[in-house]
Structure formats: C-alpha cells, structure tokens
file query-v5.txt (compact mmCIF, C-alpha atoms)
# COMPACT_ATOMS: atom_id res chain seq x y z
CA MET A 24 8.90 53.68 -31.99
CA LYS A 25 5.72 55.38 -30.84
CA GLU A 26 2.78 53.17 -29.87
CA ILE A 27 -0.81 54.13 -30.71
CA THR A 28 -3.82 51.97 -29.85
CA SER A 29 -6.77 54.33 -30.36
CA VAL A 30 -8.39 55.24 -33.66
CA SER A 31 -9.34 58.55 -32.00
CA ASN A 32 -5.70 59.58 -31.68
CA PRO A 33 -5.24 62.96 -33.44
CA LEU A 34 -2.31 61.65 -35.48
CA ILE A 35 -4.34 58.67 -36.68
CA LYS A 36 -7.27 60.95 -37.53
CA GLY A 37 -4.89 63.03 -39.65
CA LEU A 38 -3.60 59.94 -41.46
CA ARG A 39 -7.14 58.72 -42.12
CA GLU A 40 -7.89 62.02 -43.83
CA LEU A 41 -5.46 60.95 -46.55
CA GLN A 42 -8.12 58.52 -47.72
CA LYS A 43 -9.82 61.61 -49.20
CA PRO A 44 -8.63 63.18 -52.49
CA ARG A 45 -8.79 66.74 -51.15
CA ALA A 46 -6.57 65.92 -48.17
CA ARG A 47 -4.06 64.25 -50.49
CA ARG A 48 -3.95 67.30 -52.75
CA GLU A 49 -3.55 69.74 -49.86
CA SER A 50 -0.92 67.73 -47.97
CA GLY A 51 1.02 66.37 -50.93
CA LEU A 52 0.87 62.93 -49.32
CA PHE A 53 -0.88 59.62 -49.97
CA LEU A 54 -1.15 56.31 -48.13
CA ALA A 55 0.83 53.37 -49.49
CA ASP A 56 -0.65 50.14 -48.18
CA SER A 57 1.33 46.86 -48.45
CA GLU A 58 4.87 45.64 -47.97
CA LYS A 59 5.70 46.12 -51.66
CA MET A 60 4.50 49.72 -51.76
CA VAL A 61 6.30 50.58 -48.52
CA ARG A 62 9.52 49.07 -49.86
CA GLU A 63 9.24 51.09 -53.08
CA ALA A 64 8.54 54.32 -51.19
CA LEU A 65 11.55 53.78 -48.92
CA SER A 66 13.84 53.02 -51.84
CA LEU A 67 12.95 56.40 -53.38
CA SER A 68 13.17 58.31 -50.06
CA LEU A 69 9.48 59.25 -50.33
CA CYS A 70 8.30 57.62 -47.09
CA ARG A 71 7.35 60.08 -44.35
CA THR A 72 5.49 58.10 -41.64
CA LEU A 73 5.45 54.31 -41.34
CA ALA A 74 2.92 52.32 -39.32
CA VAL A 75 3.37 48.65 -38.42
CA GLU A 76 0.75 46.53 -36.67
CA ALA A 77 1.60 45.34 -33.17
CA GLY A 78 2.72 41.72 -33.33
CA ARG A 79 4.13 42.09 -36.86
CA GLU A 80 7.32 43.94 -35.86
CA ALA A 81 9.54 40.91 -36.51
CA ASP A 82 8.02 40.42 -39.98
CA TYR A 83 8.88 43.96 -40.98
CA ALA A 84 12.01 44.62 -38.92
CA ALA A 85 14.10 45.43 -41.99
CA LEU A 86 11.57 47.96 -43.28
CA THR A 87 11.03 49.67 -39.93
CA GLY A 88 14.79 49.81 -39.45
CA ALA A 89 15.24 51.40 -42.87
CA ALA A 90 12.50 53.89 -42.12
CA GLU A 91 14.05 54.90 -38.80
CA ALA A 92 17.47 55.23 -40.44
CA ALA A 93 15.92 57.52 -43.07
CA GLY A 94 14.42 59.75 -40.39
CA CYS A 95 10.81 58.66 -40.90
CA GLU A 96 8.37 58.64 -38.03
CA VAL A 97 7.65 55.01 -37.11
CA LEU A 98 4.46 53.96 -35.31
CA ARG A 99 3.42 50.67 -33.73
CA VAL A 100 -0.37 50.55 -33.99
CA SER A 101 -3.12 48.25 -32.81
CA GLY A 102 -5.04 45.99 -35.18
CA ALA A 103 -8.02 48.33 -34.92
CA VAL A 104 -5.91 51.30 -35.96
CA MET A 105 -4.38 49.39 -38.87
CA HIS A 106 -7.84 48.41 -40.13
CA ALA A 107 -8.96 52.04 -39.82
CA LEU A 108 -5.98 53.27 -41.84
CA SER A 109 -5.98 50.55 -44.49
CA GLU A 110 -8.65 50.37 -47.18
CA ALA A 111 -7.68 46.80 -48.04
CA LYS A 112 -10.05 43.99 -47.08
CA THR A 113 -7.14 42.13 -45.47
CA PRO A 114 -4.41 44.60 -44.40
CA GLN A 115 -0.84 43.31 -44.56
CA GLY A 116 0.02 45.04 -41.29
CA ILE A 117 2.24 47.75 -42.70
CA LEU A 118 1.64 51.03 -44.52
CA CYS A 119 3.19 54.45 -44.85
CA THR A 120 2.52 57.98 -45.93
CA VAL A 121 4.30 58.91 -49.13
CA ALA A 122 5.22 62.25 -50.65
CA ILE A 123 3.46 62.58 -54.00
CA PRO A 124 6.19 62.59 -56.67
CA ARG A 125 6.76 65.90 -58.40
CA GLU A 126 5.19 65.95 -61.84
CA PRO A 127 7.54 66.58 -64.77
CA ASP A 128 7.20 69.91 -66.54
CA ARG A 129 6.55 67.94 -69.70
CA LEU A 130 6.70 64.32 -70.75
CA ALA A 131 9.37 63.07 -73.09
CA GLY A 132 10.51 59.77 -74.56
CA ARG A 133 9.68 57.46 -77.43
CA ARG A 134 6.21 56.34 -76.28
CA ILE A 135 3.59 57.91 -74.02
CA VAL A 136 0.14 56.67 -72.98
CA ALA A 137 -2.69 59.18 -72.45
CA LEU A 138 -5.91 58.47 -70.55
CA ASP A 139 -8.95 60.44 -71.66
CA GLY A 140 -11.50 60.21 -68.83
CA VAL A 141 -10.78 56.62 -67.78
CA GLN A 142 -12.80 56.56 -64.57
CA ASP A 143 -12.42 53.05 -63.18
CA PRO A 144 -9.54 53.01 -60.65
CA GLY A 145 -8.65 49.42 -61.55
CA ASN A 146 -8.37 50.31 -65.23
CA VAL A 147 -6.20 53.38 -64.56
CA GLY A 148 -3.87 51.41 -62.31
CA THR A 149 -3.69 48.42 -64.64
CA ILE A 150 -2.94 50.57 -67.68
CA LEU A 151 -0.15 52.34 -65.78
CA ARG A 152 1.27 48.98 -64.68
CA THR A 153 1.13 47.65 -68.25
CA ALA A 154 2.76 50.81 -69.62
CA ASP A 155 5.55 50.30 -67.10
CA ALA A 156 6.00 46.67 -68.15
CA ALA A 157 5.98 47.57 -71.87
CA GLY A 158 8.64 50.23 -71.35
CA PHE A 159 6.56 53.34 -72.01
CA ASP A 160 8.16 56.62 -70.96
CA GLY A 161 5.24 58.38 -69.29
CA ALA A 162 1.51 58.78 -68.82
CA LEU A 163 -0.72 61.79 -69.41
CA LEU A 164 -3.99 61.81 -67.46
CA SER A 165 -7.00 64.04 -68.01
CA ALA A 166 -8.71 65.62 -65.01
CA GLN A 167 -11.68 63.28 -65.49
CA CYS A 168 -9.63 60.15 -64.78
CA ALA A 169 -9.84 58.22 -61.52
CA ASP A 170 -7.64 59.60 -58.76
CA LEU A 171 -4.14 58.23 -59.28
CA TYR A 172 -3.44 58.14 -55.54
CA GLY A 173 -6.66 56.51 -54.38
CA ALA A 174 -6.29 53.11 -52.72
CA LYS A 175 -7.88 51.07 -55.55
CA THR A 176 -5.78 52.75 -58.25
CA LEU A 177 -2.56 52.36 -56.28
CA ARG A 178 -3.27 48.70 -55.61
CA ALA A 179 -3.76 48.07 -59.34
CA THR A 180 -0.47 49.80 -60.24
CA MET A 181 1.50 47.31 -58.12
CA GLY A 182 4.20 49.92 -57.58
CA SER A 183 4.35 51.22 -61.16
CA VAL A 184 3.09 54.58 -59.89
CA PHE A 185 6.64 55.09 -58.61
CA ARG A 186 8.31 54.27 -61.92
CA VAL A 187 6.19 55.86 -64.68
CA PRO A 188 6.36 59.67 -64.89
CA VAL A 189 2.78 60.96 -64.75
CA LYS A 190 1.48 64.36 -65.72
CA ARG A 191 -2.14 65.38 -65.10
CA THR A 192 -3.84 68.05 -67.18
CA ASP A 193 -7.11 69.97 -67.19
CA ASP A 194 -6.97 70.24 -70.99
CA LEU A 195 -5.87 66.96 -72.55
CA ALA A 196 -6.54 68.12 -76.12
CA ALA A 197 -4.23 71.12 -75.69
CA ALA A 198 -1.55 68.96 -74.10
CA LEU A 199 -1.72 66.50 -76.98
CA LEU A 200 -1.64 69.33 -79.52
CA SER A 201 1.56 70.53 -77.87
CA MET A 202 3.05 67.04 -78.13
CA ARG A 203 2.00 66.85 -81.76
CA ALA A 204 3.85 70.10 -82.38
CA ARG A 205 6.94 68.43 -80.89
CA GLY A 206 6.74 65.69 -83.50
CA TYR A 207 4.63 63.06 -81.75
CA ALA A 208 2.00 61.00 -83.53
CA VAL A 209 -1.25 61.07 -81.53
CA VAL A 210 -3.22 57.83 -81.81
CA ALA A 211 -6.92 58.01 -80.92
CA THR A 212 -8.41 54.57 -80.32
CA GLU A 213 -12.00 54.34 -81.51
CA LEU A 214 -14.60 52.01 -82.96
CA GLY A 215 -14.60 52.19 -86.73
CA GLY A 216 -10.99 53.32 -86.94
CA GLU A 217 -8.37 51.88 -89.28
CA ASP A 218 -6.69 48.57 -88.45
CA PHE A 219 -4.42 49.19 -85.47
CA TYR A 220 -1.86 46.57 -86.48
CA ALA A 221 -1.51 47.93 -90.00
CA HIS A 222 -1.16 51.59 -89.12
CA CYS A 223 0.10 52.06 -85.55
CA PRO A 224 3.33 54.06 -85.15
CA HIS A 225 6.12 52.63 -83.01
CA GLU A 226 8.27 55.68 -82.31
CA ASN A 227 7.50 59.17 -80.96
CA CYS A 228 3.86 58.36 -80.38
CA VAL A 229 1.10 58.92 -77.85
CA LEU A 230 -1.54 56.23 -77.44
CA VAL A 231 -4.85 57.69 -76.23
CA ILE A 232 -7.22 55.39 -74.30
CA GLY A 233 -10.77 56.73 -74.04
CA SER A 234 -13.28 56.47 -71.20
CA GLU A 235 -15.16 53.24 -70.59
CA GLY A 236 -18.54 54.72 -71.46
CA HIS A 237 -17.86 57.30 -74.15
CA GLY A 238 -14.47 56.52 -75.66
CA VAL A 239 -12.10 59.26 -76.80
CA SER A 240 -13.61 62.74 -76.49
CA GLU A 241 -14.35 64.79 -79.60
CA ALA A 242 -11.81 67.45 -78.59
CA VAL A 243 -9.07 64.83 -78.41
CA ARG A 244 -10.18 63.14 -81.64
CA SER A 245 -9.81 66.47 -83.44
CA VAL A 246 -6.09 66.71 -82.64
CA ALA A 247 -5.23 63.06 -83.32
CA THR A 248 -2.99 62.13 -86.25
CA HIS A 249 -4.25 58.52 -86.32
CA HIS A 250 -7.71 57.03 -85.71
CA LEU A 251 -7.25 53.32 -85.10
CA ALA A 252 -9.12 50.31 -83.75
CA LEU A 253 -8.28 46.75 -82.84
CA PRO A 254 -9.89 44.41 -85.37
CA MET A 255 -12.88 42.55 -83.91
CA ARG A 256 -13.00 39.17 -85.63
CA GLY A 257 -15.56 37.61 -83.32
CA GLY A 258 -18.92 38.71 -82.03
CA ALA A 259 -17.73 41.14 -79.35
CA GLU A 260 -18.14 44.81 -80.22
CA SER A 261 -15.52 46.16 -77.81
CA LEU A 262 -12.96 45.28 -75.14
CA ASN A 263 -12.41 46.40 -71.56
CA ALA A 264 -10.29 49.57 -71.57
CA ALA A 265 -7.37 48.00 -69.71
CA VAL A 266 -7.37 44.87 -71.88
CA ALA A 267 -7.44 46.87 -75.11
CA ALA A 268 -4.74 49.16 -73.78
CA GLY A 269 -2.52 46.21 -72.90
CA ILE A 270 -2.72 44.77 -76.41
CA MET A 271 -1.96 48.12 -78.04
CA LEU A 272 0.78 49.14 -75.61
CA TYR A 273 2.72 45.97 -76.33
CA GLU A 274 2.19 46.21 -80.09
CA MET A 275 3.48 49.80 -80.07
CA ALA A 276 6.50 48.73 -78.03
CA ARG A 277 7.36 45.87 -80.38
CA GLU A 278 10.74 46.50 -82.00
CA ARG A 279 10.57 46.30 -85.76
call {"tool": "encode", "arguments": {"input": "query-v5.txt", "output": "structure tokens"}}
result
Amino acid sequence: MKEITSVSNPLIKGLRELQKPRARRESGLFLADSEKMVREALSLSLCRTLAVEAGREADYAALTGAAEAAGCEVLRVSGAVMHALSEAKTPQGILCTVAIPREPDRLAGRRIVALDGVQDPGNVGTILRTADAAGFDGALLSAQCADLYGAKTLRATMGSVFRVPVKRTDDLAAALLSMRARGYAVVATELGGEDFYAHCPHENCVLVIGSEGHGVSEAVRSVATHHLALPMRGGAESLNAAVAAGIMLYEMARER
C-alpha cells in the first residue's frame, strides 16, 4: 500500500482532474466516493485505484484487501488528500477511480426512461435510482442532461449507475424515432396532455421526462406516440421532475 500525504503529489493531481467532465471523458474514468460505491465498483471489476484515509484502514480492511487481490492500486492518503479528492461535505474516508461502463449499442427491454435535457444532477441521479427500483431496463440521456458521472449525480444514484444500462445521445428525437420503429410507444410528459393513468402503456414503452424549465422539447414531442400528464387535482401547476418521474415510472411498471 503506497502512502501519500501531499495534495501536490502528481498522482493525486491526476486523480483530482477526474472532478472535471473533460478529464472523465478523455480518461474513461470517474471517481466513486463512499463505501457503497466502492463496493459496487469492486463487485463489477471496474475499480482501478482505491484510496483509503490514514487511520481508517481497519474500517475498510475487507475492501482494500479485495482491491489488492483484484490488482488495483491501493493508496493510504492523509486527511487533507482525502478532502481534496472527495467532493462530499463529509468524506467517508474511502473512494476509488472507476472505469466508465461501456454503453450498449442500443437499449432493449420492456420499459426505458429517457431524459430530455434534465439539468439538475440530483434529478438525473434520483430518476436513474427510481428507474432501477421500478425495474426499468435502461435509460436514454440527451446531451443536455447533467453529467452522469459528476459527484452530485453519482451520489443521487446510490449505486444505480452500475445497474441501469445508460446510453447518451446527441439527437434524442432521432434515437426515439428509431425505438418507435422497433415497436416502442414513446410517451412525452407535458402539461395539458391526456390523463396519464388512463392512457399510459405498460409494455414496450419509453417514458420521456423533460427539462425542469422547458419540459419536453418540440423535436421530441413530434416523434411521441402519447402526450400525457399527471392529473393535478389541487392548486399546484406542476411537480418536480424527479417526483413526477417516480410516480409515472412506478405506474408504468405496475403489472396489470
């Protein structure tokens, strides 16, 4: 186990670069921060370098042992280094670099969720986590969505980023048109749409969640087969994107 105490160490500087989207894209790596995320990365053989805070070795002996057995580089770092690497307010004392999972050539399965410009990292992560819990088979993200591998998004996924196949696209409308040609219903969620509960499909469907500020884009609306909305029986005009998505994801997954 290599010991590093300085935040100026070249290796630490390189790891800190992974806090930036460009560095993640170029290296094919991201930082997974927390015991749960490290455990998930190790279980999938995606961990590349593991760092544990000095004084916490006994707490994480099983994880560091598993990492060493898998051939990962293991570092013992000072508290200052751990705080420099972690973007959490209170670091758990362990993190690792993770190989970004290979995107599928195309998504398949009974139910897919698509995010059309959802920009809040917490919403993106929460929707992915909820899709995982509801048993959805994949997620399609437009280029305008929050970075999937940023710290805030990852934290909100609670590990679901490892379990839900994700495909990113520069042209969401074209990707959805292709899925429609394969027999999928494409559900655009929008104010003024038909009653979601009365008309939502439950099989071979793609649920599109629009951006927080502008909703589903016009290009995506034009390829949708359904235009639906949750009924608003009270005084509120709309719901938070992740809350609305959670309600609709579970309704779509309900076996009939």
call {"tool": "residues_near_point", "arguments": {"input": "query-v5.txt", "point": "(-3.8, 59.1, -37.2)", "cutoff": "10 Å", "atoms": "all atoms listed in the file", "output": "number ranges by chain"}}
result
A: 27, 29-41, 74, 98, 100, 104-105, 107-108
call {"tool": "write_last_selection", "arguments": {"input": "query-v5.txt", "atoms": "C-alpha atoms", "output": "mmCIF file, in the coordinates of the input"}}
result
data_model
loop_
_atom_site.group_PDB
_atom_site.id
_atom_site.type_symbol
_atom_site.label_atom_id
_atom_site.label_comp_id
_atom_site.auth_asym_id
_atom_site.auth_seq_id
_atom_site.Cartn_x
_atom_site.Cartn_y
_atom_site.Cartn_z
ATOM 1 C CA ILE A 27 -0.810 54.130 -30.710
ATOM 2 C CA SER A 29 -6.770 54.330 -30.360
ATOM 3 C CA VAL A 30 -8.390 55.240 -33.660
ATOM 4 C CA SER A 31 -9.340 58.550 -32.000
ATOM 5 C CA ASN A 32 -5.700 59.580 -31.680
ATOM 6 C CA PRO A 33 -5.240 62.960 -33.440
ATOM 7 C CA LEU A 34 -2.310 61.650 -35.480
ATOM 8 C CA ILE A 35 -4.340 58.670 -36.680
ATOM 9 C CA LYS A 36 -7.270 60.950 -37.530
ATOM 10 C CA GLY A 37 -4.890 63.030 -39.650
ATOM 11 C CA LEU A 38 -3.600 59.940 -41.460
ATOM 12 C CA ARG A 39 -7.140 58.720 -42.120
ATOM 13 C CA GLU A 40 -7.890 62.020 -43.830
ATOM 14 C CA LEU A 41 -5.460 60.950 -46.550
ATOM 15 C CA ALA A 74 2.920 52.320 -39.320
ATOM 16 C CA LEU A 98 4.460 53.960 -35.310
ATOM 17 C CA VAL A 100 -0.370 50.550 -33.990
ATOM 18 C CA VAL A 104 -5.910 51.300 -35.960
ATOM 19 C CA MET A 105 -4.380 49.390 -38.870
ATOM 20 C CA ALA A 107 -8.960 52.040 -39.820
ATOM 21 C CA LEU A 108 -5.980 53.270 -41.840
#
call {"tool": "closest_residue", "arguments": {"input": "query-v5.txt", "among": "A:Arg133, A:Arg244, A:His225, A:Arg152", "to": "Leu171 of chain A", "atoms": "all atoms listed in the file"}}
result
A:Arg152
call {"tool": "closest_atom_pairs", "arguments": {"input": "query-v5.txt", "of": "segment 139-179 of chain A", "to": "segment 266-274 of chain A", "cutoff": "9 Å", "atoms": "only C-alpha atoms", "output": "JSON lines"}}
result
{"residue": "A:Asn146", "atom": "CA", "partner": "A:Val266", "partner_atom": "CA", "distance": 8.6}
{"residue": "A:Thr149", "atom": "CA", "partner": "A:Gly269", "partner_atom": "CA", "distance": 8.6}
{"residue": "A:Ile150", "atom": "CA", "partner": "A:Ala268", "partner_atom": "CA", "distance": 6.5}
{"residue": "A:Thr153", "atom": "CA", "partner": "A:Gly269", "partner_atom": "CA", "distance": 6.1}
{"residue": "A:Ala154", "atom": "CA", "partner": "A:Leu272", "partner_atom": "CA", "distance": 6.5}
{"residue": "A:Ala156", "atom": "CA", "partner": "A:Tyr273", "partner_atom": "CA", "distance": 8.8}
{"residue": "A:Ala157", "atom": "CA", "partner": "A:Tyr273", "partner_atom": "CA", "distance": 5.8}
{"residue": "A:Gly158", "atom": "CA", "partner": "A:Tyr273", "partner_atom": "CA", "distance": 8.8}
{"residue": "A:Phe159", "atom": "CA", "partner": "A:Leu272", "partner_atom": "CA", "distance": 8.0}
call {"tool": "closest_residue", "arguments": {"input": "query-v5.txt", "among": "A:Ala259, A:Ala64, A:Ala46, A:Gln115", "to": "Gly78 of chain A", "atoms": "only C-alpha atoms"}}
result
A:Gln115
call {"tool": "atom_distance", "arguments": {"input": "query-v5.txt", "atom1": "atom CA of Gly216 of chain A", "atom2": "atom CA of Ser234 of chain A"}}
result
16.2 Å
call {"tool": "residues_around", "arguments": {"input": "query-v5.txt", "residues": "Glu91 of chain A", "least_positions_apart": "5", "cutoff": "12 Å", "atoms": "all atoms listed in the file", "output": "MDAnalysis selection string"}}
result
chainID A and resid 24:25 65 68 70:74 84:86 96:98
call {"tool": "closest_residue", "arguments": {"input": "query-v5.txt", "among": "A:Gly236, A:Pro127, A:Pro224, A:Pro144", "to": "Thr192 of chain A", "atoms": "only C-alpha atoms"}}
result
A:Pro127
call {"tool": "closest_residue", "arguments": {"input": "query-v5.txt", "among": "A:Asp143, A:Glu80, A:Glu235, A:Glu49", "to": "Leu262 of chain A", "atoms": "all atoms listed in the file"}}
result
A:Glu235
call {"tool": "atom_distance", "arguments": {"input": "query-v5.txt", "atom1": "atom CA of Arg203 of chain A", "atom2": "atom CA of Leu251 of chain A"}}
result
16.7 Å
call {"tool": "residues_around", "arguments": {"input": "query-v5.txt", "residues": "Ser165 of chain A", "least_positions_apart": "5", "cutoff": "10 Å", "atoms": "all atoms listed in the file", "output": "list in words"}}
result
Ala137, Leu138, Asp139, Gly140, Val141, Lys190, Arg191, Thr192, Asp193, Asp194, Leu195, Ala196 and Ala198 of chain A
call {"tool": "residues_near_point", "arguments": {"input": "query-v5.txt", "point": "(0.7, 41.8, -38.2)", "cutoff": "9 Å", "atoms": "all atoms listed in the file", "output": "compact mmCIF listing (two decimals) with C-alpha atoms, in the frame of the given file"}}
result
# COMPACT_ATOMS: atom_id res chain seq x y z
CA VAL A 75 3.37 48.65 -38.42
CA GLU A 76 0.75 46.53 -36.67
CA ALA A 77 1.60 45.34 -33.17
CA GLY A 78 2.72 41.72 -33.33
CA ARG A 79 4.13 42.09 -36.86
CA GLU A 80 7.32 43.94 -35.86
CA ASP A 82 8.02 40.42 -39.98
CA TYR A 83 8.88 43.96 -40.98
CA GLY A 102 -5.04 45.99 -35.18
CA PRO A 114 -4.41 44.60 -44.40
CA GLN A 115 -0.84 43.31 -44.56
CA GLY A 116 0.02 45.04 -41.29
CA ILE A 117 2.24 47.75 -42.70
call {"tool": "decode", "arguments": {"input": "query-v5.txt", "residues": "segment 221-248 of chain A", "atoms": "N, CA and C atoms", "output": "compact mmCIF listing (two decimals), in the first residue's frame"}}
result
# COMPACT_ATOMS: atom_id res chain seq x y z
N ALA A 221 -54.99 6.95 -17.35
CA ALA A 221 -55.96 6.35 -18.28
C ALA A 221 -55.31 5.84 -19.56
N HIS A 222 -54.18 6.42 -19.94
CA HIS A 222 -53.65 6.13 -21.27
C HIS A 222 -52.21 5.61 -21.31
N CYS A 223 -51.54 5.51 -20.17
CA CYS A 223 -50.13 5.12 -20.24
C CYS A 223 -49.96 3.65 -20.64
N PRO A 224 -49.03 3.36 -21.54
CA PRO A 224 -48.73 1.97 -21.89
C PRO A 224 -47.89 1.33 -20.78
N HIS A 225 -47.89 0.01 -20.75
CA HIS A 225 -47.15 -0.70 -19.70
C HIS A 225 -46.10 -1.65 -20.27
N GLU A 226 -46.09 -1.82 -21.54
CA GLU A 226 -45.13 -2.73 -22.18
C GLU A 226 -44.52 -2.05 -23.40
N ASN A 227 -43.24 -2.34 -23.67
CA ASN A 227 -42.54 -1.80 -24.83
C ASN A 227 -42.77 -0.29 -24.96
N CYS A 228 -42.34 0.42 -23.93
CA CYS A 228 -42.60 1.85 -23.89
C CYS A 228 -41.37 2.62 -23.41
N VAL A 229 -41.31 3.87 -23.83
CA VAL A 229 -40.26 4.79 -23.40
C VAL A 229 -40.94 5.99 -22.76
N LEU A 230 -40.62 6.25 -21.50
CA LEU A 230 -41.16 7.40 -20.80
C LEU A 230 -40.17 8.55 -20.89
N VAL A 231 -40.58 9.66 -21.48
CA VAL A 231 -39.69 10.81 -21.66
C VAL A 231 -39.97 11.85 -20.59
N ILE A 232 -38.94 12.21 -19.82
CA ILE A 232 -39.03 13.25 -18.81
C ILE A 232 -38.33 14.50 -19.35
N GLY A 233 -39.05 15.62 -19.39
CA GLY A 233 -38.50 16.84 -19.95
C GLY A 233 -37.69 17.65 -18.95
N SER A 234 -37.05 18.68 -19.43
CA SER A 234 -36.20 19.53 -18.59
C SER A 234 -37.04 20.28 -17.57
N GLU A 235 -36.38 20.69 -16.48
CA GLU A 235 -37.07 21.38 -15.40
C GLU A 235 -37.69 22.70 -15.86
N GLY A 236 -37.01 23.41 -16.74
CA GLY A 236 -37.50 24.73 -17.13
C GLY A 236 -38.42 24.74 -18.34
N HIS A 237 -38.17 23.83 -19.29
CA HIS A 237 -38.87 23.92 -20.57
C HIS A 237 -39.67 22.67 -20.94
N GLY A 238 -39.58 21.63 -20.14
CA GLY A 238 -40.32 20.42 -20.44
C GLY A 238 -39.72 19.66 -21.62
N VAL A 239 -40.53 18.84 -22.24
CA VAL A 239 -40.09 18.04 -23.39
C VAL A 239 -39.90 18.96 -24.59
N SER A 240 -38.80 18.78 -25.31
CA SER A 240 -38.51 19.64 -26.46
C SER A 240 -39.49 19.36 -27.60
N GLU A 241 -39.64 20.34 -28.47
CA GLU A 241 -40.57 20.21 -29.59
C GLU A 241 -40.17 19.07 -30.51
N ALA A 242 -38.86 18.89 -30.73
CA ALA A 242 -38.40 17.80 -31.61
C ALA A 242 -38.80 16.44 -31.05
N VAL A 243 -38.71 16.29 -29.75
CA VAL A 243 -39.10 15.02 -29.12
C VAL A 243 -40.62 14.87 -29.12
N ARG A 244 -41.34 15.94 -28.85
CA ARG A 244 -42.80 15.88 -28.88
C ARG A 244 -43.30 15.39 -30.24
N SER A 245 -42.61 15.78 -31.29
CA SER A 245 -43.07 15.46 -32.65
C SER A 245 -42.96 13.97 -32.97
N VAL A 246 -42.12 13.24 -32.23
CA VAL A 246 -41.98 11.81 -32.52
C VAL A 246 -42.71 10.95 -31.48
N ALA A 247 -43.34 11.58 -30.50
CA ALA A 247 -44.02 10.82 -29.45
C ALA A 247 -45.31 10.19 -29.98
N THR A 248 -45.64 9.03 -29.43
CA THR A 248 -46.91 8.38 -29.76
C THR A 248 -48.00 8.74 -28.76
